[in-house]
Amino acid sequence: AYAQVRLTARYAERPGPGDWQMIETSREFAQCLDAAKRTGLAAYVTRLSRESDKRALEQGMRDAWSDLVGEVAAWAPEKWRPALVWLRLLPFLGLGEAAWPKGAYGNDEKSLVGPSTDDIANRWLEGFAERLPPRGGNVKNELAPLWSRFTTGPARPVADTSRLMTLLEKTFRRRAQEPVAMFAWLGLAALEAERLRGALLLALLFPSTEKIGAS
């Protein structure tokens with residue numbers, strides 16, 4: 001119940017269409033960053049400044065995600081914490097160990113690294129199942145599309161991401177005060193962080209210096 005209250009407040013702070021338009025139509029990195037800081041996404045960019053380069057952006061957002069997962073895990077009953085903490089690497093599984101958040105893994109997470117991305121994904125799913133408490137397997141099954149989104153295949157079309165967002169939103173609302181709601185909320189947070197990262201990278205790497213309407 002304690003976790004649900006905190007997450008419901010965070011859920012209400014999620015950016016709406018107007019916020020996303022402000023972020024994604026910003027023509028310069030500084031503008032995009034400032035726009036993000038005025039929304040519920042501010043926690044993802046606290047480590048960034050207008051002078052941040054691509055490397056700082058990537059690392060800053062990875063570390064912010066790791067902090068967020070740790071925060072949610074701290075709100076949860078102790079028996080659910082190992083499985084929640086295991087989500088720290090979920091958005092980065094397809095990128096390999098070099099892209100993982102600093103300090104986000106110990107000996108257990110290091111065991112994920114194998115000869116292929118598929119091997120890492122399979123080991124992550126096995127580790128997740130092992131960390132769920134007894135009779136917690138429904139979380140793994142109910143949110144299978146979320147795990148698949150980050151552990152298999154190339155980037156998904158926008159329509160697929162939209163459907164997954166809808167599934168996670170419904171799960172969060174309908175299963176309030178159940179453990180699966182915590183995982184659904186973190187799934188939503190991961191997808192929003194991914195979208196924000198894309199907008200920031202686009203503004204950073206391809207800034208527009210030409211005035212709108214200039215001939």
# chains A, B, ... in the order shown; residues from 1 in each chain; ligands from 1

call {"tool": "closest_atom_pairs", "arguments": {"of": "region 133-199 of chain A", "to": "region 47-62 of chain A", "cutoff": "10 Å", "atoms": "only C-alpha atoms", "output": "JSON lines"}}
result
{"residue": "A:Ala193", "atom": "CA", "partner": "A:Met61", "partner_atom": "CA", "distance": 7.8}
{"residue": "A:Glu194", "atom": "CA", "partner": "A:Met61", "partner_atom": "CA", "distance": 9.4}
{"residue": "A:Leu196", "atom": "CA", "partner": "A:Met61", "partner_atom": "CA", "distance": 9.5}
{"residue": "A:Arg197", "atom": "CA", "partner": "A:Met61", "partner_atom": "CA", "distance": 7.6}

call {"tool": "write_last_selection", "arguments": {"atoms": "N, CA and C atoms", "output": "compact mmCIF listing (two decimals), in the first residue's frame"}}
result
# COMPACT_ATOMS: atom_id res chain seq x y z
N ALA A 193 11.66 6.87 -20.46
CA ALA A 193 13.08 7.22 -20.45
C ALA A 193 13.69 6.98 -21.83
N GLU A 194 13.30 5.91 -22.47
CA GLU A 194 13.79 5.60 -23.81
C GLU A 194 13.36 6.69 -24.80
N LEU A 196 12.55 9.82 -24.09
CA LEU A 196 13.25 11.05 -23.75
C LEU A 196 14.69 11.00 -24.25
N ARG A 197 15.34 9.88 -24.07
CA ARG A 197 16.73 9.73 -24.55
C ARG A 197 16.79 9.99 -26.05

call {"tool": "residues_around", "arguments": {"residues": "Ala73 (chain A)", "least_positions_apart": "6", "cutoff": "9 Å", "atoms": "only C-alpha atoms", "output": "PyMOL selection string"}}
result
chain A and resi 3+80-85+182

call {"tool": "select_by_dssp", "arguments": {"residues": "region 9-170 of chain A", "states": "alpha helix (DSSP H)", "output": "MDAnalysis selection string"}}
result
chainID A and resid 9:12 17:24 29:37 54:75 81:85 107:110 117:131 137:142 144:151 158:170

call {"tool": "residues_around", "arguments": {"residues": "Ala12 (chain A)", "least_positions_apart": "2", "cutoff": "12 Å", "atoms": "only C-alpha atoms", "output": "list in words"}}
result
Val5, Arg6, Leu7, Thr8, Ala9, Arg10, Arg14, Pro15, Gly16, Thr39, Gly40, Leu41, Glu169, Phe172, Arg173 and Trp185 of chain A

call {"tool": "atom_distance", "arguments": {"atom1": "CA of Leu168 (chain A)", "atom2": "CA of Ala184 (chain A)"}}
result
5.1 Å
